[in-house]
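> Just target19.cif, nothing more (mmCIF, C-alpha atoms):
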```cif
data_protein
loop_
_atom_site.label_atom_id
_atom_site.label_comp_id
_atom_site.auth_asym_id
_atom_site.auth_seq_id
_atom_site.Cartn_x
_atom_site.Cartn_y
_atom_site.Cartn_z
CA MET H 1 108.64 71.66 111.30
CA PRO H 2 104.86 71.46 111.90
CA LYS H 3 102.79 68.45 110.91
CA LEU H 4 99.46 69.38 109.40
CA LYS H 5 96.37 67.17 109.08
CA THR H 6 95.75 66.32 105.45
CA ASP H 7 92.34 68.01 105.61
CA LEU H 8 94.06 71.32 106.40
CA LEU H 9 96.52 71.19 103.49
CA ARG H 10 96.21 73.93 100.89
CA GLU H 11 97.59 74.42 97.42
CA GLY H 12 100.98 76.17 97.48
CA MET H 13 102.14 74.83 100.85
CA ILE H 14 105.70 73.52 100.78
CA VAL H 15 106.23 69.91 101.81
CA GLY H 16 108.94 69.73 104.47
CA ALA H 17 109.83 66.01 104.28
CA ASP H 18 109.31 63.21 101.77
CA VAL H 19 105.80 61.76 101.96
CA LYS H 20 105.68 57.99 101.40
CA ASN H 21 102.88 55.43 101.43
CA ILE H 22 102.88 52.35 103.68
CA ASP H 23 105.02 50.53 101.13
CA SER H 24 107.62 53.32 101.35
CA MET H 25 106.84 54.43 97.84
CA LEU H 26 107.54 58.15 97.39
CA LEU H 27 104.29 60.08 96.89
CA ILE H 28 105.55 63.64 97.14
CA PRO H 29 109.18 64.76 97.55
CA SER H 30 110.36 67.21 100.18
CA GLY H 31 110.30 70.80 98.90
CA ALA H 32 107.38 70.28 96.52
CA SER H 33 104.77 73.03 96.36
CA LEU H 34 101.48 71.18 96.85
CA THR H 35 98.93 71.05 94.05
CA GLU H 36 95.24 70.20 94.47
CA ARG H 37 95.91 66.90 92.65
CA GLN H 38 98.68 65.93 95.07
CA ILE H 39 96.45 66.71 98.05
CA ASN H 40 93.85 64.36 96.58
CA ILE H 41 96.53 61.68 96.14
CA LEU H 42 97.44 62.02 99.83
CA ARG H 43 93.80 61.62 100.80
CA ALA H 44 93.43 58.60 98.51
CA TRP H 45 96.41 56.91 100.18
CA GLY H 46 95.03 57.64 103.63
CA VAL H 47 98.01 59.78 104.63
CA GLU H 48 96.83 61.47 107.83
CA GLU H 49 99.39 64.22 108.26
CA VAL H 50 102.25 65.86 106.40
CA ASP H 51 105.29 67.93 107.39
CA VAL H 52 104.90 71.35 105.84
CA LYS H 53 106.76 74.65 105.73
CA ALA H 54 104.95 77.90 105.11
CA SER H 55 104.53 78.87 101.49
CA GLY H 56 106.83 80.73 99.15
CA ASP H 57 109.38 83.28 100.31
CA PHE H 58 107.98 83.76 103.82
CA THR H 59 109.07 80.32 105.04
CA ASP H 60 110.65 81.79 108.16
CA ALA H 61 107.84 84.15 109.06
CA GLY H 62 106.15 81.70 111.36
CA ASP H 63 103.94 78.66 111.68
CA PHE H 64 100.88 80.81 112.30
CA LEU H 65 100.67 81.36 108.53
CA LEU H 66 99.86 77.70 108.07
CA GLN H 67 96.36 78.35 109.41
CA LEU H 68 95.63 80.36 106.28
CA PRO H 69 95.13 79.52 102.61
CA ALA H 70 98.38 80.12 100.71
CA GLU H 71 97.07 83.13 98.78
CA GLU H 72 95.81 84.79 101.96
CA ALA H 73 99.16 84.19 103.67
CA ALA H 74 100.99 85.68 100.70
CA ARG H 75 98.68 88.72 100.62
CA LEU H 76 99.11 89.44 104.33
CA THR H 77 102.88 89.01 104.10
CA SER H 78 103.09 91.42 101.22
CA GLU H 79 100.83 93.94 103.02
CA THR H 80 102.98 93.69 106.14
CA LYS H 81 106.16 94.31 104.13
CA GLY H 82 104.48 97.50 102.91
CA LEU H 83 104.19 98.78 106.49
CA PHE H 84 107.94 99.31 106.81
CA TRP H 85 110.34 101.75 105.23
CA ARG H 86 113.48 99.88 104.11
CA LEU H 87 112.76 96.54 105.71
CA ASP H 88 116.19 95.07 106.44
CA GLY H 89 115.97 91.30 106.04
CA SER H 90 119.51 90.83 107.32
CA ASN H 91 118.70 92.44 110.68
CA ALA H 92 117.47 89.74 113.08
CA VAL H 93 115.62 92.21 115.33
CA GLN H 94 113.88 93.75 112.36
CA MET H 95 112.75 90.33 111.15
CA GLU H 96 111.50 89.44 114.64
CA ILE H 97 109.44 92.65 114.69
CA PHE H 98 108.16 91.87 111.19
CA LYS H 99 107.09 88.41 112.38
CA HIS H 100 105.15 89.80 115.34
CA ILE H 101 103.40 92.40 113.21
CA LEU H 102 102.43 89.75 110.66
CA GLU H 103 101.22 87.40 113.39
CA ARG H 104 99.12 90.20 114.92
CA LYS H 105 97.60 90.84 111.49
CA VAL H 106 96.83 87.14 111.01
CA GLN H 107 95.22 86.93 114.48
CA ALA H 108 93.15 90.06 113.82
CA GLY H 109 91.89 88.46 110.59
CA LEU H 110 91.03 85.17 112.32
CA ASN H 111 89.18 86.96 115.14
CA ARG H 112 87.04 89.02 112.77
CA MET I 1 109.14 129.60 99.09
CA VAL I 2 109.97 131.92 101.96
CA PRO I 3 112.83 130.37 103.96
CA PRO I 4 111.44 128.65 107.06
CA PRO I 5 112.10 130.26 110.46
CA ASP I 6 114.84 128.76 112.58
CA ILE I 7 113.80 126.31 115.30
CA PRO I 8 114.14 128.63 118.33
CA THR I 9 111.94 131.26 116.64
CA LEU I 10 109.40 128.59 115.76
CA VAL I 11 109.00 127.17 119.25
CA SER I 12 109.23 130.49 121.09
CA SER I 13 105.72 131.26 119.84
CA ILE I 14 104.23 128.20 121.57
CA PRO I 15 103.41 129.08 125.18
CA ARG I 16 103.36 126.42 127.85
CA THR I 17 99.70 126.69 128.69
CA LEU I 18 98.64 124.58 131.60
CA GLY I 19 95.02 125.70 131.37
CA SER I 20 92.91 124.43 134.25
CA TYR I 21 95.74 122.07 135.25
CA GLY I 22 97.90 124.98 136.43
CA PRO I 23 96.69 125.14 140.05
CA VAL I 24 96.97 121.36 140.50
CA LEU I 25 100.49 121.30 139.10
CA GLN I 26 101.50 124.18 141.36
CA GLU I 27 100.18 122.26 144.34
CA ILE I 28 102.08 119.15 143.25
CA GLU I 29 105.30 121.07 142.69
CA ALA I 30 104.99 122.60 146.16
CA ALA I 31 104.38 119.16 147.66
CA LEU I 32 107.38 117.69 145.82
CA ASN I 33 109.65 120.50 146.99
CA ASP I 34 108.46 120.45 150.58
CA PRO I 35 109.70 117.55 152.72
CA GLN I 36 106.59 118.04 154.86
CA GLY I 37 104.42 118.25 151.72
CA SER I 38 101.26 116.32 152.27
CA LEU I 39 99.54 113.89 150.03
CA THR I 40 96.24 115.27 151.24
CA SER I 41 96.85 118.74 149.83
CA VAL I 42 97.71 117.27 146.41
CA ALA I 43 94.68 114.99 146.54
CA ASP I 44 92.46 117.94 147.50
CA ALA I 45 93.76 119.99 144.57
CA ILE I 46 93.11 117.14 142.14
CA GLN I 47 89.64 116.51 143.55
CA ARG I 48 88.62 120.08 142.82
CA ASP I 49 88.80 119.07 139.13
CA PRO I 50 86.22 116.30 138.52
CA ASP I 51 87.56 115.59 135.05
CA LEU I 52 91.10 115.10 136.33
CA THR I 53 89.85 112.99 139.24
CA ALA I 54 88.04 110.63 136.88
CA ARG I 55 91.07 110.44 134.61
CA LEU I 56 93.51 109.69 137.41
CA LEU I 57 91.31 106.96 138.87
CA LYS I 58 90.77 105.45 135.44
CA ILE I 59 94.51 105.23 134.77
CA SER I 60 95.32 104.03 138.30
CA ASN I 61 92.78 101.23 137.96
CA SER I 62 93.87 100.17 134.47
CA SER I 63 96.35 97.47 133.45
CA PHE I 64 98.88 100.32 133.06
CA TYR I 65 99.54 99.90 136.79
CA GLY I 66 97.88 96.53 137.32
CA PHE I 67 97.06 96.94 141.02
CA PRO I 68 95.31 93.88 142.40
CA ARG I 69 92.35 95.76 143.86
CA ARG I 70 90.18 98.66 142.81
CA LEU I 71 91.28 102.12 143.97
CA THR I 72 88.37 104.36 144.81
CA THR I 73 89.87 107.61 146.13
CA VAL I 74 92.37 110.06 144.70
CA GLN I 75 94.42 109.89 147.88
CA GLU I 76 94.65 106.12 147.62
CA ALA I 77 95.62 106.37 143.95
CA ILE I 78 98.36 108.93 144.56
CA SER I 79 99.78 107.07 147.52
CA LEU I 80 100.19 104.00 145.31
CA ILE I 81 101.33 105.51 142.01
CA GLY I 82 103.35 108.34 143.64
CA ILE I 83 103.06 112.12 143.43
CA GLN I 84 105.77 112.28 140.74
CA GLN I 85 103.84 109.87 138.51
CA ALA I 86 100.63 111.80 139.07
CA GLN I 87 102.50 114.91 137.99
CA ASP I 88 103.69 113.17 134.79
CA LEU I 89 100.15 112.11 133.93
CA ILE I 90 98.79 115.60 134.50
CA VAL I 91 101.56 117.19 132.42
CA ALA I 92 100.69 114.77 129.63
CA SER I 93 97.03 115.80 129.89
CA ALA I 94 98.03 119.46 129.78
CA VAL I 95 100.07 118.98 126.57
CA ILE I 96 97.21 117.17 124.87
CA ALA I 97 94.90 120.03 125.90
CA THR I 98 97.40 122.64 124.59
CA PHE I 99 96.98 121.36 121.05
CA ALA I 100 93.29 120.44 121.34
CA GLY I 101 92.12 123.25 119.06
CA LEU I 102 94.44 122.33 116.18
CA SER I 103 92.70 121.99 112.81
CA PRO I 104 92.57 118.42 111.48
CA GLU I 105 93.85 119.61 108.08
CA PHE I 106 96.97 117.43 108.12
CA VAL I 107 96.21 114.78 110.67
CA ASP I 108 93.26 113.61 112.72
CA MET I 109 94.14 114.63 116.28
CA ARG I 110 92.65 111.52 117.84
CA SER I 111 94.75 109.38 115.54
CA PHE I 112 97.82 111.49 116.37
CA TRP I 113 97.38 110.95 120.12
CA GLN I 114 96.54 107.26 119.67
CA HIS I 115 99.92 106.84 117.98
CA SER I 116 101.58 108.89 120.72
CA LEU I 117 99.89 107.05 123.60
CA ALA I 118 100.87 103.70 122.08
CA CYS I 119 104.47 104.89 121.74
CA GLY I 120 104.38 106.04 125.37
CA LEU I 121 103.08 102.66 126.51
CA GLY I 122 105.77 100.89 124.47
CA ALA I 123 108.55 103.12 125.83
CA ARG I 124 107.34 102.62 129.41
CA PHE I 125 107.15 98.86 128.95
CA LEU I 126 110.71 98.70 127.60
CA ALA I 127 111.98 100.88 130.47
CA MET I 128 110.20 98.73 133.06
CA THR I 129 111.49 95.52 131.51
CA ARG I 130 115.01 96.98 131.56
CA ARG I 131 114.40 98.03 135.19
CA MET I 132 115.11 101.69 134.50
CA PRO I 133 114.18 104.09 137.31
CA LYS I 134 111.02 106.20 136.87
CA PRO I 135 109.49 104.33 133.91
CA ASP I 136 106.63 106.83 133.75
CA LYS I 137 109.13 109.40 132.44
CA PHE I 138 109.48 107.15 129.41
CA PHE I 139 105.73 107.17 128.95
CA VAL I 140 105.83 110.96 128.73
CA ALA I 141 108.81 110.84 126.32
CA GLY I 142 106.94 108.43 124.06
CA LEU I 143 103.75 110.45 124.34
CA LEU I 144 105.51 113.66 123.30
CA HIS I 145 107.96 112.25 120.74
CA ASP I 146 106.11 113.73 117.74
CA VAL I 147 104.88 116.94 119.37
CA GLY I 148 107.25 118.89 117.10
CA ARG I 149 105.04 117.88 114.21
CA LEU I 150 102.09 119.69 115.85
CA VAL I 151 104.24 122.82 116.03
CA LEU I 152 104.94 122.48 112.30
CA PHE I 153 101.24 121.90 111.55
CA CYS I 154 100.11 125.03 113.38
CA ARG I 155 103.02 127.36 112.58
CA LEU I 156 104.13 126.33 109.06
CA PRO I 157 100.98 125.06 107.30
CA ALA I 158 102.15 126.02 103.79
CA ALA I 159 105.47 124.20 104.18
CA VAL I 160 103.68 121.18 105.68
CA GLN I 161 101.40 121.09 102.63
CA THR I 162 104.49 120.88 100.40
CA ILE I 163 106.01 118.23 102.68
CA PHE I 164 102.92 116.01 102.42
CA GLN I 165 102.71 116.50 98.64
CA GLU I 166 106.29 115.31 98.31
CA TYR I 167 105.68 112.49 100.81
CA HIS I 168 102.91 111.10 98.62
CA GLN I 169 105.09 111.31 95.50
CA ARG I 170 108.42 110.10 96.84
CA LYS I 171 109.29 106.89 98.57
CA SER I 172 110.89 108.30 101.71
CA PRO I 173 110.03 108.55 105.39
CA LEU I 174 108.22 111.77 106.34
CA PHE I 175 110.98 113.01 108.67
CA GLU I 176 113.53 112.86 105.83
CA ILE I 177 111.26 114.95 103.61
CA GLU I 178 110.81 117.48 106.43
CA ARG I 179 114.58 117.75 106.64
CA GLY I 180 114.92 118.16 102.88
CA ILE I 181 112.39 121.00 102.74
CA LEU I 182 112.88 122.77 106.09
CA GLY I 183 116.48 121.87 106.90
CA TYR I 184 115.28 120.28 110.15
CA ASP I 185 112.72 117.71 111.23
CA HIS I 186 109.88 117.45 113.75
CA ALA I 187 112.08 115.62 116.26
CA GLN I 188 114.48 118.58 116.50
CA VAL I 189 111.52 120.95 116.81
CA GLY I 190 110.09 118.77 119.59
CA GLU I 191 113.38 118.83 121.48
CA ALA I 192 113.52 122.63 121.25
CA LEU I 193 109.93 122.87 122.48
CA MET I 194 110.72 120.66 125.47
CA SER I 195 113.65 122.92 126.27
CA HIS I 196 111.52 126.06 125.81
CA TRP I 197 108.95 124.58 128.20
CA GLN I 198 111.79 123.76 130.63
CA TYR I 199 111.23 120.04 130.62
CA PRO I 200 114.20 117.88 131.71
CA PRO I 201 117.02 117.43 129.14
CA SER I 202 116.62 113.63 129.17
CA LEU I 203 113.05 114.07 127.92
CA GLY I 204 114.07 116.66 125.32
CA GLN I 205 116.89 114.54 123.94
CA ALA I 206 114.83 111.35 123.83
CA VAL I 207 112.29 113.31 121.75
CA GLY I 208 114.96 115.01 119.65
CA SER I 209 116.90 111.85 118.81
CA HIS I 210 114.06 109.43 118.24
CA HIS I 211 114.96 109.06 114.57
CA ARG I 212 118.73 109.16 115.18
CA PRO I 213 119.29 107.51 118.55
CA GLU I 214 122.92 106.76 117.69
CA GLU I 215 123.66 110.50 117.81
CA CYS I 216 122.37 110.96 121.35
CA GLN I 217 125.47 110.92 123.51
CA ALA I 218 124.01 111.98 126.84
CA PHE I 219 120.91 109.76 126.98
CA PRO I 220 121.48 106.90 124.49
CA VAL I 221 119.14 104.44 126.22
CA GLU I 222 116.29 106.95 126.48
CA ALA I 223 116.64 107.76 122.76
CA ALA I 224 116.83 104.06 121.79
CA VAL I 225 113.74 103.23 123.87
CA VAL I 226 111.62 105.85 122.10
CA HIS I 227 113.11 104.92 118.70
CA VAL I 228 112.21 101.24 119.05
CA ALA I 229 108.73 101.99 120.46
CA ASP I 230 108.01 104.44 117.63
CA HIS I 231 109.16 101.96 114.98
CA LEU I 232 106.96 99.24 116.43
CA VAL I 233 103.76 101.26 116.91
CA ASN I 234 104.04 102.66 113.39
CA ALA I 235 104.22 99.08 112.12
CA MET I 236 101.28 98.15 114.38
CA GLN I 237 99.31 100.90 112.61
CA ILE I 238 97.91 102.32 115.83
CA GLY I 239 96.88 105.84 114.86
CA SER I 240 99.28 108.05 112.91
CA SER I 241 101.12 111.32 113.34
CA GLY I 242 101.26 111.73 109.57
CA GLU I 243 103.72 108.93 108.79
CA ARG I 244 102.10 105.85 107.25
CA ARG I 245 104.92 103.33 107.63
CA ALA I 246 107.45 102.32 110.25
CA PRO I 247 110.50 104.59 109.94
CA PRO I 248 113.78 102.67 109.41
CA LEU I 249 114.99 100.76 112.48
CA LYS I 250 118.53 101.94 113.22
CA PRO I 251 121.06 99.12 113.57
CA GLY I 252 122.27 98.95 117.16
CA ALA I 253 119.19 100.63 118.68
CA TRP I 254 117.71 97.41 120.02
CA GLU I 255 121.11 96.18 121.18
CA GLN I 256 121.44 99.39 123.21
CA LEU I 257 118.50 98.19 125.31
CA GLN I 258 120.18 94.86 126.19
CA LEU I 259 116.87 93.06 126.34
CA PRO I 260 116.17 89.50 125.21
CA MET I 261 114.48 89.18 121.83
CA ASP I 262 111.35 87.58 123.34
CA THR I 263 110.60 90.94 124.98
CA LEU I 264 109.19 92.00 121.60
CA ALA I 265 106.23 89.61 121.83
CA SER I 266 105.35 90.88 125.33
CA LEU I 267 105.81 94.46 124.13
CA VAL I 268 103.25 94.08 121.33
CA LYS I 269 100.82 92.44 123.76
CA ALA I 270 101.29 95.09 126.46
CA ILE I 271 100.56 97.90 124.00
CA ASP I 272 97.43 96.15 122.71
CA ASP I 273 96.24 95.35 126.25
CA GLN I 274 96.79 98.81 127.76
CA LEU I 275 95.89 101.14 124.93
CA GLY I 276 92.10 101.03 125.41
CA ALA I 277 92.26 102.28 129.01
CA MET I 278 94.73 105.04 128.11
CA GLU I 279 92.59 106.23 125.22
CA GLU I 280 89.61 106.22 127.51
CA ALA I 281 91.50 108.25 130.13
CA PHE I 282 93.27 110.74 127.87
CA LEU I 283 91.15 111.09 124.76
CA ASN I 284 87.55 110.63 125.85
CA HIS I 285 87.47 113.76 127.96
CA ASP I 286 87.10 117.34 126.90
CA GLY I 287 90.20 119.00 128.20
CA PRO I 288 90.30 122.76 128.50
CA PRO I 289 90.17 124.04 124.91
CA ALA I 290 93.15 126.13 123.96
CA LYS I 291 94.80 127.10 120.74
CA PRO I 292 98.54 127.67 120.73
#
```
Please go through the file and, once you have read it, give me the structure as structure tokens.

Amino acid sequence: MPKLKTDLLREGMIVGADVKNIDSMLLIPSGASLTERQINILRAWGVEEVDVKASGDFTDAGDFLLQLPAEEAARLTSETKGLFWRLDGSNAVQMEIFKHILERKVQAGLNR
Amino acid sequence: MVPPPDIPTLVSSIPRTLGSYGPVLQEIEAALNDPQGSLTSVADAIQRDPDLTARLLKISNSSFYGFPRRLTTVQEAISLIGIQQAQDLIVASAVIATFAGLSPEFVDMRSFWQHSLACGLGARFLAMTRRMPKPDKFFVAGLLHDVGRLVLFCRLPAAVQTIFQEYHQRKSPLFEIERGILGYDHAQVGEALMSHWQYPPSLGQAVGSHHRPEECQAFPVEAAVVHVADHLVNAMQIGSSGERRAPPLKPGAWEQLQLPMDTLASLVKAIDDQLGAMEEAFLNHDGPPAKP
């Protein structure tokens, strides 16, 4: 699971492991969808980095989505789903192809 | 609606016009059939056509072949890529030229051939990675996989209009709508055209089964290669032959190739890396204008 610098955190990202302060007090539980307020709390406590998963239902699509704001990642994922007839989520090859197409789209957006 | 003609009638009206490529291909065929056939005579024939010379050198020097140094003469290029491969590339040029005069009513021709070139590159990459003999044959199969659609565009424009109307209303892949309206699809038409033009059966069947590779008994790997490449390049949105989405990926098609999953990442990259040079070589020249 990737660790992301606190400065790069965005609303909607899913926390992958409990975040605690130096006194081991729980700040944000694993699985929480980050809010702006929680990100500010992390900054206030001086937490430097956090384990995150990608947002929402595209958790497995790939870490490259973490470079994007959550809404942008969701938009690109939805657009990419629309490029396939009958996308079969249970077919591992199909999902691998989906991932590469989405990654290519993300890269194209970043290079623009 | 008047019932559509059967497939043999449809393709019998499309002549195999080689245009200005005819003499070169004759020379190549003679060289291939003659054990004493000389590279020089083939090179001379190609050099009489400046357009073809430029195209061949462009492709030979591109990442498609990836030779470590620059090739400057036709003879050098043919000796490295092989006469057979040169023949494949010229045949591909001749087919593109055959349909050059087609009206862009249903599809932009540049976009059509971009999609086709990308599919050819993908098919060739898969064949090379699987260490299949003569990978350039797969390039031609990928390049021609949707050629049946061009036959439909120029011979059955009214039916194609209905097909596209339904395509925009219904949520189904284009080839399924073709089948619903005509009783056959562009892949079957393409296979019949390949047979009419006396191309090898492996090429015809790879074209004919690219939406149903599981039904291709004689050349299952060839059909699966084109099927996977077509699915991928549709999803990559490189040009379009009329279809706007990736047609369904048939279960078992990838497994037929027996390639590791990480091949997919290299496949996407190879297509992106090589497409520019192929477009430059095949699409930025004015081939001999002809209308089928």
> Using the chain letters and numbers from the file, give me the residues hit by the PyMOL selection byres ((chain I) within 9 of (chain H)), as a ChimeraX atom specification.
/I:171-173,231-232,234-237,244-249,251,254-255,261-262,264-265,268
> Name the closest residue to Arg37 of chain H among the candidates H:Arg10, H:Arg75, H:Lys5, H:Arg112; distances are taken between atoms, counting only C-alpha atoms.
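Nearest to Arg37 of chain H: H:Arg10.
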> Any idea what the distance is between atom CA of Pro5 of chain I and atom CA of Met194 of chain I?
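Computed distance, atom CA of Pro5 of chain I to atom CA of Met194 of chain I, equals 17.9 Å.
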> Can you pull out the residues contacting segment 155-157 of chain I? Cut-off 10 Å, using all atoms listed in the file, and skip same-chain residues under 2 positions away; I want them as a list in words.
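In the requested format, the answer is Pro4, Pro5, Leu10, Val11, Ser13, Ile14, Glu105, Phe106, Arg149, Leu150, Val151, Leu152, Phe153, Ala159, Val160, Gln161, Thr162, Ile163, Leu182 and Pro292 of chain I.
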> Report as a PDB file with C-alpha atoms, keeping the file's coordinate frame all protein, DNA and RNA residues lying within 8 Å of Gln87 of chain I, evaluated on all atoms listed in the file, omitting residues in the same chain fewer than 4 positions from it.

```pdb
ATOM      1  CA  LEU I  25     100.490 121.300 139.100  1.00  0.00           C
ATOM      2  CA  ILE I  28     102.080 119.150 143.250  1.00  0.00           C
ATOM      3  CA  ILE I  83     103.060 112.120 143.430  1.00  0.00           C
ATOM      4  CA  VAL I  91     101.560 117.190 132.420  1.00  0.00           C
TER       5      VAL I  91
END
```
> Could you check how far atom CA of Gln165 of chain I sits from atom CA of Thr77 of chain H, in Å to one decimal?
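Value for the atom CA of Gln165 of chain I-atom CA of Thr77 of chain H distance: 28.0 Å.
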> State, in Å with one decimal place, the distance from atom CA of Ser41 of chain I to atom CA of Glu27 of chain I.
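Atom CA of Glu27 of chain I lies 7.3 Å from atom CA of Ser41 of chain I.
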> If the PyMOL selection byres ((chain I and resi 273) around 12) is run on the structure shown, which residues does it catch, given as a short mmCIF file (atom, residue, chain, number, x, y, z; two decimals) with C-alpha atoms, keeping the file's coordinate frame?

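Written file, selection_14.cif:
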```
data_model
loop_
_atom_site.label_atom_id
_atom_site.label_comp_id
_atom_site.auth_asym_id
_atom_site.auth_seq_id
_atom_site.Cartn_x
_atom_site.Cartn_y
_atom_site.Cartn_z
CA SER I 62 93.87 100.17 134.47
CA SER I 63 96.35 97.47 133.45
CA PHE I 64 98.88 100.32 133.06
CA TYR I 65 99.54 99.90 136.79
CA GLY I 66 97.88 96.53 137.32
CA ALA I 118 100.87 103.70 122.08
CA LEU I 121 103.08 102.66 126.51
CA GLY I 122 105.77 100.89 124.47
CA PHE I 125 107.15 98.86 128.95
CA SER I 266 105.35 90.88 125.33
CA LEU I 267 105.81 94.46 124.13
CA VAL I 268 103.25 94.08 121.33
CA LYS I 269 100.82 92.44 123.76
CA ALA I 270 101.29 95.09 126.46
CA ILE I 271 100.56 97.90 124.00
CA ASP I 272 97.43 96.15 122.71
CA GLN I 274 96.79 98.81 127.76
CA LEU I 275 95.89 101.14 124.93
CA GLY I 276 92.10 101.03 125.41
CA ALA I 277 92.26 102.28 129.01
CA MET I 278 94.73 105.04 128.11
CA GLU I 279 92.59 106.23 125.22
#
```
> Can you list, as a ChimeraX atom specification, the residues that the PyMOL selection byres ((chain I and resi 68-71) around 12) selects here?
/I:53-54,56-67,72-81
> Which residues, written as a ChimeraX atom specification, have at least one atom at most 12 Å from Asp51 of chain H, with only C-alpha atoms counted and residues fewer than 2 positions away on the same chain left out?
/H:1-6,8-9,13-20,28-32,34,47-49,53-54,63,66
> Counting all atoms listed in the file, what is within 12 Å of Asp136 of chain I, bar same-chain residues fewer than 2 positions away, as a PyMOL selection string?
chain I and resi 64-65+81-92+120-128+131-134+138-143+203
> Keeping C-alpha atoms for every residue in the selection just given, could you write it to a file as a PDB file, in the coordinates of the input?

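Below is the file that was written, out.pdb:
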```pdb
ATOM      1  CA  PHE I  64      98.880 100.320 133.060  1.00  0.00           C
ATOM      2  CA  TYR I  65      99.540  99.900 136.790  1.00  0.00           C
ATOM      3  CA  ILE I  81     101.330 105.510 142.010  1.00  0.00           C
ATOM      4  CA  GLY I  82     103.350 108.340 143.640  1.00  0.00           C
ATOM      5  CA  ILE I  83     103.060 112.120 143.430  1.00  0.00           C
ATOM      6  CA  GLN I  84     105.770 112.280 140.740  1.00  0.00           C
ATOM      7  CA  GLN I  85     103.840 109.870 138.510  1.00  0.00           C
ATOM      8  CA  ALA I  86     100.630 111.800 139.070  1.00  0.00           C
ATOM      9  CA  GLN I  87     102.500 114.910 137.990  1.00  0.00           C
ATOM     10  CA  ASP I  88     103.690 113.170 134.790  1.00  0.00           C
ATOM     11  CA  LEU I  89     100.150 112.110 133.930  1.00  0.00           C
ATOM     12  CA  ILE I  90      98.790 115.600 134.500  1.00  0.00           C
ATOM     13  CA  VAL I  91     101.560 117.190 132.420  1.00  0.00           C
ATOM     14  CA  ALA I  92     100.690 114.770 129.630  1.00  0.00           C
ATOM     15  CA  GLY I 120     104.380 106.040 125.370  1.00  0.00           C
ATOM     16  CA  LEU I 121     103.080 102.660 126.510  1.00  0.00           C
ATOM     17  CA  GLY I 122     105.770 100.890 124.470  1.00  0.00           C
ATOM     18  CA  ALA I 123     108.550 103.120 125.830  1.00  0.00           C
ATOM     19  CA  ARG I 124     107.340 102.620 129.410  1.00  0.00           C
ATOM     20  CA  PHE I 125     107.150  98.860 128.950  1.00  0.00           C
ATOM     21  CA  LEU I 126     110.710  98.700 127.600  1.00  0.00           C
ATOM     22  CA  ALA I 127     111.980 100.880 130.470  1.00  0.00           C
ATOM     23  CA  MET I 128     110.200  98.730 133.060  1.00  0.00           C
ATOM     24  CA  ARG I 131     114.400  98.030 135.190  1.00  0.00           C
ATOM     25  CA  MET I 132     115.110 101.690 134.500  1.00  0.00           C
ATOM     26  CA  PRO I 133     114.180 104.090 137.310  1.00  0.00           C
ATOM     27  CA  LYS I 134     111.020 106.200 136.870  1.00  0.00           C
ATOM     28  CA  PHE I 138     109.480 107.150 129.410  1.00  0.00           C
ATOM     29  CA  PHE I 139     105.730 107.170 128.950  1.00  0.00           C
ATOM     30  CA  VAL I 140     105.830 110.960 128.730  1.00  0.00           C
ATOM     31  CA  ALA I 141     108.810 110.840 126.320  1.00  0.00           C
ATOM     32  CA  GLY I 142     106.940 108.430 124.060  1.00  0.00           C
ATOM     33  CA  LEU I 143     103.750 110.450 124.340  1.00  0.00           C
ATOM     34  CA  LEU I 203     113.050 114.070 127.920  1.00  0.00           C
TER      35      LEU I 203
END
```
> Between H:Leu26, H:Glu79, H:Glu11, H:Val50, which has the minimum distance to Gln38 of chain H (counting all atoms listed in the file)?
H:Glu11
> Which residue out of I:Glu222, I:Glu166, I:Asp230, I:Asp44 has the minimum interatomic distance to Gln256 of chain I when only C-alpha atoms are used?
I:Glu222
